[in-house]
Each structure stands twice: as C-alpha cells, then as structure tokens.
>>> print(open('final24.tsv').read())   # TSV, C-alpha atoms
chain	number	residue	atom	x	y	z
R	177	MET	CA	163.65	97.10	107.18
R	178	THR	CA	165.95	100.08	107.59
R	179	VAL	CA	165.01	103.15	109.61
R	180	ILE	CA	166.80	106.32	108.63
R	181	HIS	CA	166.41	109.01	111.27
R	182	THR	CA	167.78	111.84	109.19
R	183	PHE	CA	169.09	112.37	105.70
R	184	SER	CA	172.50	113.22	107.15
R	185	SER	CA	172.81	109.64	108.34
R	186	ALA	CA	175.29	107.32	106.65
R	187	THR	CA	172.37	104.92	106.16
R	188	ILE	CA	170.94	107.18	103.47
R	189	GLN	CA	173.88	106.19	101.28
R	190	GLN	CA	172.26	102.77	100.89
R	191	LEU	CA	169.14	104.36	99.44
R	192	ARG	CA	171.02	106.60	97.04
R	193	GLN	CA	171.79	103.55	94.88
R	194	LYS	CA	168.22	102.18	94.80
R	195	ASN	CA	165.06	102.95	92.89
R	196	ILE	CA	162.64	104.19	95.55
R	197	VAL	CA	158.95	105.02	95.77
R	198	LEU	CA	157.81	107.06	98.76
R	199	ALA	CA	154.58	107.09	100.72
R	200	ILE	CA	154.66	110.51	102.38
R	201	GLY	CA	152.79	111.36	105.57
R	202	VAL	CA	152.75	111.25	109.34
R	203	PHE	CA	150.94	107.87	109.45
R	204	ASP	CA	149.74	108.37	113.01
R	205	GLY	CA	148.25	105.05	114.05
R	206	VAL	CA	148.78	103.54	110.59
R	207	HIS	CA	145.01	103.26	110.25
R	208	ILE	CA	143.16	101.42	107.49
R	209	GLY	CA	143.30	104.44	105.18
R	210	HIS	CA	147.07	104.59	105.62
R	211	ARG	CA	147.25	100.89	104.88
R	212	VAL	CA	145.53	101.45	101.53
R	213	LEU	CA	148.06	104.19	100.73
R	214	ILE	CA	150.98	101.92	101.66
R	215	GLU	CA	149.59	99.05	99.60
R	216	GLN	CA	149.26	101.39	96.61
R	217	THR	CA	152.85	102.51	97.15
R	218	LYS	CA	154.03	98.90	97.17
R	219	GLN	CA	152.08	98.25	93.95
R	220	LEU	CA	153.67	101.32	92.35
R	221	GLY	CA	157.07	100.01	93.46
R	222	LEU	CA	156.42	96.74	91.66
R	223	LYS	CA	155.32	98.62	88.55
R	224	VAL	CA	158.49	100.77	88.38
R	225	SER	CA	160.92	98.21	89.90
R	226	ALA	CA	161.49	100.23	93.07
R	227	GLU	CA	161.64	99.58	96.80
R	228	CYS	CA	158.88	100.92	99.05
R	229	ALA	CA	159.80	103.56	101.63
R	230	VAL	CA	157.69	105.59	104.03
R	231	TYR	CA	158.76	109.21	104.42
R	232	THR	CA	157.52	110.55	107.73
R	233	PHE	CA	158.29	113.38	110.12
R	234	TRP	CA	159.48	113.73	113.69
R	235	PRO	CA	158.65	115.66	115.66
R	236	TYR	CA	155.12	115.58	114.34
R	237	PRO	CA	154.64	118.93	112.54
R	238	HIS	CA	151.62	119.88	114.66
R	239	HIS	CA	153.77	119.51	117.79
R	240	VAL	CA	156.23	122.07	116.43
R	241	TYR	CA	153.50	124.63	115.77
R	242	ASP	CA	151.29	123.79	118.75
R	243	PRO	CA	153.09	122.20	121.74
R	244	LYS	CA	149.67	121.50	123.34
R	245	PHE	CA	148.68	119.26	120.44
R	246	LYS	CA	147.30	115.94	121.62
R	247	PRO	CA	149.62	112.94	121.72
R	248	LEU	CA	149.94	110.58	118.81
R	249	ILE	CA	147.86	107.43	118.63
R	250	TYR	CA	150.93	105.19	118.87
R	251	PRO	CA	154.53	105.78	119.89
R	252	LEU	CA	157.07	105.65	117.07
R	253	SER	CA	158.23	102.15	117.98
R	254	ARG	CA	154.70	100.76	117.55
R	255	LYS	CA	154.16	102.70	114.32
R	256	TYR	CA	157.40	101.36	112.88
R	257	LYS	CA	156.56	97.79	113.86
R	258	ILE	CA	153.21	98.06	112.04
R	259	LEU	CA	154.90	99.53	108.96
R	260	LYS	CA	157.42	96.69	108.93
R	261	ASN	CA	154.61	94.13	109.18
R	262	LEU	CA	152.94	95.82	106.19
R	263	GLY	CA	156.02	95.16	104.08
R	264	VAL	CA	157.58	98.62	104.06
R	265	GLN	CA	161.27	98.21	103.24
R	266	HIS	CA	162.57	101.56	104.50
R	267	ILE	CA	161.38	104.31	106.83
R	268	ILE	CA	162.86	107.77	106.43
R	269	GLU	CA	162.18	109.88	109.49
R	270	GLN	CA	162.69	113.51	108.53
R	271	ASN	CA	163.64	115.86	111.35
R	272	PHE	CA	160.88	118.47	111.24
R	273	ASP	CA	162.49	121.66	112.46
R	274	SER	CA	162.18	125.36	111.62
R	275	THR	CA	164.72	125.12	108.78
R	276	PHE	CA	162.96	122.20	107.11
R	277	SER	CA	159.53	123.79	107.63
R	278	LYS	CA	160.61	126.83	105.59
R	279	LEU	CA	161.26	124.87	102.40
R	280	HIS	CA	158.91	125.92	99.64
R	281	SER	CA	157.20	123.22	97.60
R	282	GLU	CA	159.71	122.96	94.77
R	283	GLU	CA	162.61	123.17	97.23
R	284	PHE	CA	161.10	120.19	99.05
R	285	ILE	CA	161.01	118.10	95.86
R	286	GLN	CA	164.58	119.15	95.02
R	287	TYR	CA	165.61	118.22	98.56
R	288	LEU	CA	164.09	114.76	98.14
R	289	LEU	CA	165.79	114.25	94.79
R	290	ASN	CA	169.13	115.37	96.21
R	291	GLN	CA	168.87	112.75	98.94
R	292	VAL	CA	167.16	109.99	96.92
R	293	PRO	CA	168.32	110.59	93.34
R	294	LEU	CA	166.60	107.47	92.03
R	295	LEU	CA	163.20	108.55	93.35
R	296	ARG	CA	160.70	106.97	90.97
R	297	GLY	CA	157.37	107.70	92.61
R	298	ILE	CA	155.49	109.50	95.37
R	299	CYS	CA	152.15	108.40	96.84
R	300	VAL	CA	150.10	110.71	99.05
R	301	GLY	CA	146.56	111.08	100.31
R	302	SER	CA	144.24	113.55	98.57
R	303	ASP	CA	144.46	115.97	101.52
R	304	PHE	CA	148.28	116.14	101.39
R	305	ARG	CA	149.74	119.64	101.91
R	306	PHE	CA	153.38	120.58	101.63
R	307	GLY	CA	155.81	123.46	101.39
R	308	TYR	CA	156.23	126.48	103.59
R	309	ALA	CA	153.06	127.11	105.63
R	310	ARG	CA	151.42	124.17	103.79
R	311	GLU	CA	151.34	126.36	100.68
R	312	ASP	CA	150.50	123.66	98.16
R	313	GLY	CA	148.46	120.51	97.72
R	314	VAL	CA	148.24	117.54	95.39
R	315	ASP	CA	147.79	119.58	92.19
R	316	ALA	CA	151.12	121.33	92.74
R	317	LEU	CA	152.73	118.03	93.73
R	318	SER	CA	151.51	116.40	90.51
R	319	THR	CA	152.88	119.30	88.46
R	320	LEU	CA	156.27	119.18	90.20
R	321	CYS	CA	156.50	115.41	89.87
R	322	LEU	CA	155.79	115.69	86.15
R	323	LYS	CA	158.49	118.35	85.85
R	324	TYR	CA	161.08	116.14	87.56
R	325	GLY	CA	160.04	112.82	86.00
R	326	ILE	CA	158.58	111.31	89.17
R	327	TYR	CA	155.42	109.22	89.06
R	328	CYS	CA	152.77	110.77	91.34
R	329	LYS	CA	149.85	108.81	92.73
R	330	VAL	CA	147.12	110.48	94.80
R	331	ILE	CA	144.91	108.23	96.89
R	332	ASP	CA	141.36	109.34	97.64
R	333	LYS	CA	140.20	109.55	101.24
R	334	PHE	CA	139.20	106.16	102.52
R	335	ALA	CA	135.80	105.67	104.13
R	336	LYS	CA	134.47	102.79	106.20
R	337	ASP	CA	130.70	102.51	106.62
R	338	GLY	CA	130.34	106.06	105.31
R	339	ILE	CA	132.87	107.52	107.79
R	340	VAL	CA	136.06	109.07	106.40
R	341	VAL	CA	138.96	107.45	108.20
R	342	SER	CA	141.35	109.96	109.77
R	343	SER	CA	143.78	110.05	112.66
R	344	THR	CA	141.90	113.03	114.10
R	345	HIS	CA	138.66	111.05	114.21
R	346	ILE	CA	140.41	108.04	115.74
R	347	ARG	CA	141.98	110.23	118.45
R	348	ARG	CA	138.49	111.53	119.29
R	349	LEU	CA	137.14	107.97	119.56
R	350	ILE	CA	140.01	106.97	121.86
R	351	ALA	CA	139.50	110.08	124.02
R	352	ALA	CA	135.83	109.07	124.36
R	353	ASN	CA	136.89	105.49	125.30
R	354	ASP	CA	135.16	104.19	122.16
R	355	PHE	CA	137.86	101.61	121.54
R	356	LYS	CA	135.61	99.32	119.51
R	357	ASN	CA	135.09	101.88	116.75
R	358	ALA	CA	138.69	103.13	117.03
R	359	GLU	CA	139.95	99.57	116.52
R	360	THR	CA	137.71	99.13	113.48
R	361	LEU	CA	139.35	102.18	111.87
R	362	LEU	CA	142.84	101.26	113.04
R	363	GLY	CA	142.48	97.75	111.62
R	364	GLU	CA	143.78	96.16	114.81
R	365	LYS	CA	143.38	96.14	118.56
R	366	PHE	CA	144.35	99.47	120.17
R	367	SER	CA	147.26	99.16	122.56
R	368	GLY	CA	148.01	102.73	123.59
>>> encode(input="final24.tsv", output="structure tokens")
Amino acid sequence: MTVIHTFSSATIQQLRQKNIVLAIGVFDGVHIGHRVLIEQTKQLGLKVSAECAVYTFWPYPHHVYDPKFKPLIYPLSRKYKILKNLGVQHIIEQNFDSTFSKLHSEEFIQYLLNQVPLLRGICVGSDFRFGYAREDGVDALSTLCLKYGIYCKVIDKFAKDGIVVSSTHIRRLIAANDFKNAETLLGEKFSG
C-alpha cells in the first residue's frame, strides 16, 4: 500500500498512470459504516478495472475551523493500518489548508482529475459535503461526475441495531467510557 501525503509528492506520479477509484472522506476510526463504503469502492474498482484508493484529509477539516475540536478516534498510523488490512491499495492524504478549503465544487473535481487523470470512480457517503464552505452535496457531485465521465456511487448511511453509525456518535460513546458499544460500531476492539 502506498501513502501519498500530498499531491506534490513524486509518489503521485505512480498513480497518474493507473485507473483509480476513490473513497473520499475523513474515515475517523474506520468504523463499520466506513468499511461498507470501502468495500463498495473495491467492488467498483473491480467493475471498472481500477485500483482502490482512499482520499482523506489532514489536518482534519474540523481542526482547521475549530482548534478545540475533539481528538480523532485513532491516530493516523492506526487508521492507515486498518485501511491497509481492508485491502486499500493507496491512501492519498490531502493537506487541508486555507488554499485547498477555498476550492469550489467543480474546481475540486478538476483538481482531482489534474492529479489523477485516470480517475474512474468516486464513492462517498450520503452525507458527503464538498467545495468552499461545504457548498454542495451528493447531488452536485453526481452531476459533476457525469459531466467529467466519472462513475459516482453514493452509499446510504449505515445503521446497526437501528443506530446510524457515525464517528461523532462513537466519540461520544468513548467519552462516556462505553467501550463495548463503541467497539461494536468500530468493528474491532478500541485501542485509543
């Protein structure tokens, strides 16, 4: 598995020659909902003969806008180990800074295509927001992907026992020392 810490890295040159499908998100904790999204991305990769990559952000966008934001569920090293074990072939860690955060939705898609010209597909969760000030959601993403010939797959929120799985909910469980329920939603033993 390759980890690319920025698109200016020489490592990105390897990806420029490959068909790629991207799962886009923060993937804090890589919980069971994230695992469904990654599995769907891998399946899309098989369908379009492309390698599976996770496109994530560091620093975490909420940390840029709110320095008091609670810590992540797992450190990056743990997150990346889980992603590798799930069969992700590449991780692209986008530097989330003020310049990047000002890209409008279509500029973001153009930026991706400039860096990964053989981008074949994008998979996101149904609550995905992107572009300057989170201006757009999955409807705009679907429209832009259609415009640029990229397959777009939106994954519905995942629920376990009637509870929607989210990193926010898992962080609350951990803060309350409810590790049993947190581990059920994480899909593994918590080791924070």
>>> residues_around(input="final24.tsv", residues="segment 300-304 of chain R", least_positions_apart="6", cutoff="10 Å", atoms="only C-alpha atoms", output="ChimeraX atom specification")
/R:198-201,209-210,212-214,216-217,310,312-315,317,328-334
>>> closest_residue(input="final24.tsv", among="R:Thr232, R:Ser342, R:Thr178, R:Gln189", to="Ile208 of chain R", atoms="only C-alpha atoms")
R:Ser342
>>> closest_residue(input="final24.tsv", among="R:Cys321, R:Val206, R:Ala229, R:Ile339", to="Ile267 of chain R", atoms="all atoms listed in the file")
R:Ala229
>>> closest_residue(input="final24.tsv", among="R:Cys299, R:His207, R:Met177, R:Arg305", to="Asn357 of chain R", atoms="only C-alpha atoms")
R:His207
>>> closest_residue(input="final24.tsv", among="R:Leu262, R:Leu322, R:Ile268, R:Ile285", to="Tyr231 of chain R", atoms="only C-alpha atoms")
R:Ile268
>>> atom_distance(input="final24.tsv", atom1="atom CA of Lys194 of chain R", atom2="atom CA of Gln270 of chain R")
18.6 Å
>>> closest_residue(input="final24.tsv", among="R:Leu279, R:Ile298, R:Arg211, R:His345", to="Tyr327 of chain R", atoms="all atoms listed in the file")
R:Ile298
>>> closest_residue(input="final24.tsv", among="R:Lys255, R:Gly297, R:Phe276, R:Phe366", to="Asn353 of chain R", atoms="all atoms listed in the file")
R:Phe366
>>> atom_distance(input="final24.tsv", atom1="atom CA of Gly307 of chain R", atom2="atom CA of Phe284 of chain R")
6.6 Å
>>> atom_distance(input="final24.tsv", atom1="atom CA of Gly325 of chain R", atom2="atom CA of Glu311 of chain R")
21.8 Å
>>> residues_around(input="final24.tsv", residues="Asn271 of chain R", least_positions_apart="3", cutoff="8 Å", atoms="all atoms listed in the file", output="ChimeraX atom specification")
/R:181-182,233-235,276
>>> build_atoms(input="final24.tsv", residues="segment 250-285 of chain R", atoms="N, CA and C atoms", output="compact mmCIF listing (two decimals), keeping the file's coordinate frame")
# COMPACT_ATOMS: atom_id res chain seq x y z
N TYR R 250 149.94 106.19 118.47
CA TYR R 250 150.93 105.19 118.87
C TYR R 250 152.30 105.84 119.00
N PRO R 251 153.14 105.31 119.88
CA PRO R 251 154.53 105.78 119.89
C PRO R 251 155.23 105.33 118.61
N LEU R 252 156.35 105.96 118.31
CA LEU R 252 157.07 105.65 117.07
C LEU R 252 157.42 104.18 116.95
N SER R 253 157.83 103.56 118.05
CA SER R 253 158.23 102.15 117.98
C SER R 253 157.08 101.27 117.51
N ARG R 254 155.86 101.53 117.97
CA ARG R 254 154.70 100.76 117.55
C ARG R 254 154.38 101.04 116.09
N LYS R 255 154.42 102.32 115.70
CA LYS R 255 154.16 102.70 114.32
C LYS R 255 155.13 101.98 113.38
N TYR R 256 156.39 101.97 113.74
CA TYR R 256 157.40 101.36 112.88
C TYR R 256 157.24 99.84 112.80
N LYS R 257 156.80 99.24 113.88
CA LYS R 257 156.56 97.79 113.86
C LYS R 257 155.41 97.47 112.90
N ILE R 258 154.35 98.27 112.94
CA ILE R 258 153.21 98.06 112.04
C ILE R 258 153.66 98.23 110.59
N LEU R 259 154.43 99.29 110.32
CA LEU R 259 154.90 99.53 108.96
C LEU R 259 155.76 98.37 108.45
N LYS R 260 156.59 97.84 109.31
CA LYS R 260 157.42 96.69 108.93
C LYS R 260 156.53 95.50 108.59
N ASN R 261 155.52 95.25 109.43
CA ASN R 261 154.61 94.13 109.18
C ASN R 261 153.81 94.31 107.89
N LEU R 262 153.65 95.55 107.44
CA LEU R 262 152.94 95.82 106.19
C LEU R 262 153.84 95.67 104.97
N GLY R 263 155.11 95.39 105.19
CA GLY R 263 156.02 95.16 104.08
C GLY R 263 156.78 96.38 103.60
N VAL R 264 156.79 97.44 104.40
CA VAL R 264 157.58 98.62 104.06
C VAL R 264 159.05 98.25 104.21
N GLN R 265 159.85 98.59 103.22
CA GLN R 265 161.27 98.21 103.24
C GLN R 265 162.16 99.23 103.93
N HIS R 266 161.76 100.50 103.89
CA HIS R 266 162.57 101.56 104.50
C HIS R 266 161.64 102.61 105.11
N ILE R 267 162.07 103.17 106.24
CA ILE R 267 161.38 104.31 106.83
C ILE R 267 162.40 105.44 106.89
N ILE R 268 162.03 106.58 106.35
CA ILE R 268 162.86 107.77 106.43
C ILE R 268 162.15 108.73 107.36
N GLU R 269 162.76 108.99 108.49
CA GLU R 269 162.18 109.88 109.49
C GLU R 269 162.85 111.24 109.36
N GLN R 270 162.15 112.17 108.75
CA GLN R 270 162.69 113.51 108.53
C GLN R 270 162.57 114.34 109.80
N ASN R 271 163.67 114.94 110.22
CA ASN R 271 163.64 115.86 111.35
C ASN R 271 162.85 117.09 110.93
N PHE R 272 161.71 117.32 111.58
CA PHE R 272 160.88 118.47 111.24
C PHE R 272 161.24 119.61 112.18
N ASP R 273 162.06 120.51 111.67
CA ASP R 273 162.49 121.66 112.46
C ASP R 273 162.17 122.95 111.70
N SER R 274 162.54 124.09 112.26
CA SER R 274 162.18 125.36 111.62
C SER R 274 162.84 125.52 110.25
N THR R 275 164.05 125.02 110.08
CA THR R 275 164.72 125.12 108.78
C THR R 275 163.98 124.31 107.73
N PHE R 276 163.67 123.06 108.06
CA PHE R 276 162.96 122.20 107.11
C PHE R 276 161.58 122.77 106.81
N SER R 277 160.90 123.29 107.82
CA SER R 277 159.53 123.79 107.63
C SER R 277 159.46 125.00 106.70
N LYS R 278 160.59 125.65 106.44
CA LYS R 278 160.61 126.83 105.59
C LYS R 278 160.88 126.52 104.13
N LEU R 279 161.07 125.24 103.80
CA LEU R 279 161.26 124.87 102.40
C LEU R 279 159.96 125.09 101.63
N HIS R 280 160.07 125.78 100.51
CA HIS R 280 158.91 125.92 99.64
C HIS R 280 158.71 124.61 98.87
N SER R 281 157.59 124.49 98.22
CA SER R 281 157.20 123.22 97.60
C SER R 281 158.25 122.66 96.65
N GLU R 282 158.72 123.47 95.72
CA GLU R 282 159.71 122.96 94.77
C GLU R 282 161.04 122.66 95.46
N GLU R 283 161.39 123.44 96.46
CA GLU R 283 162.61 123.17 97.23
C GLU R 283 162.51 121.81 97.93
N PHE R 284 161.32 121.49 98.40
CA PHE R 284 161.10 120.19 99.05
C PHE R 284 161.35 119.05 98.07
N ILE R 285 160.81 119.14 96.86
CA ILE R 285 161.01 118.10 95.86
C ILE R 285 162.49 118.01 95.49
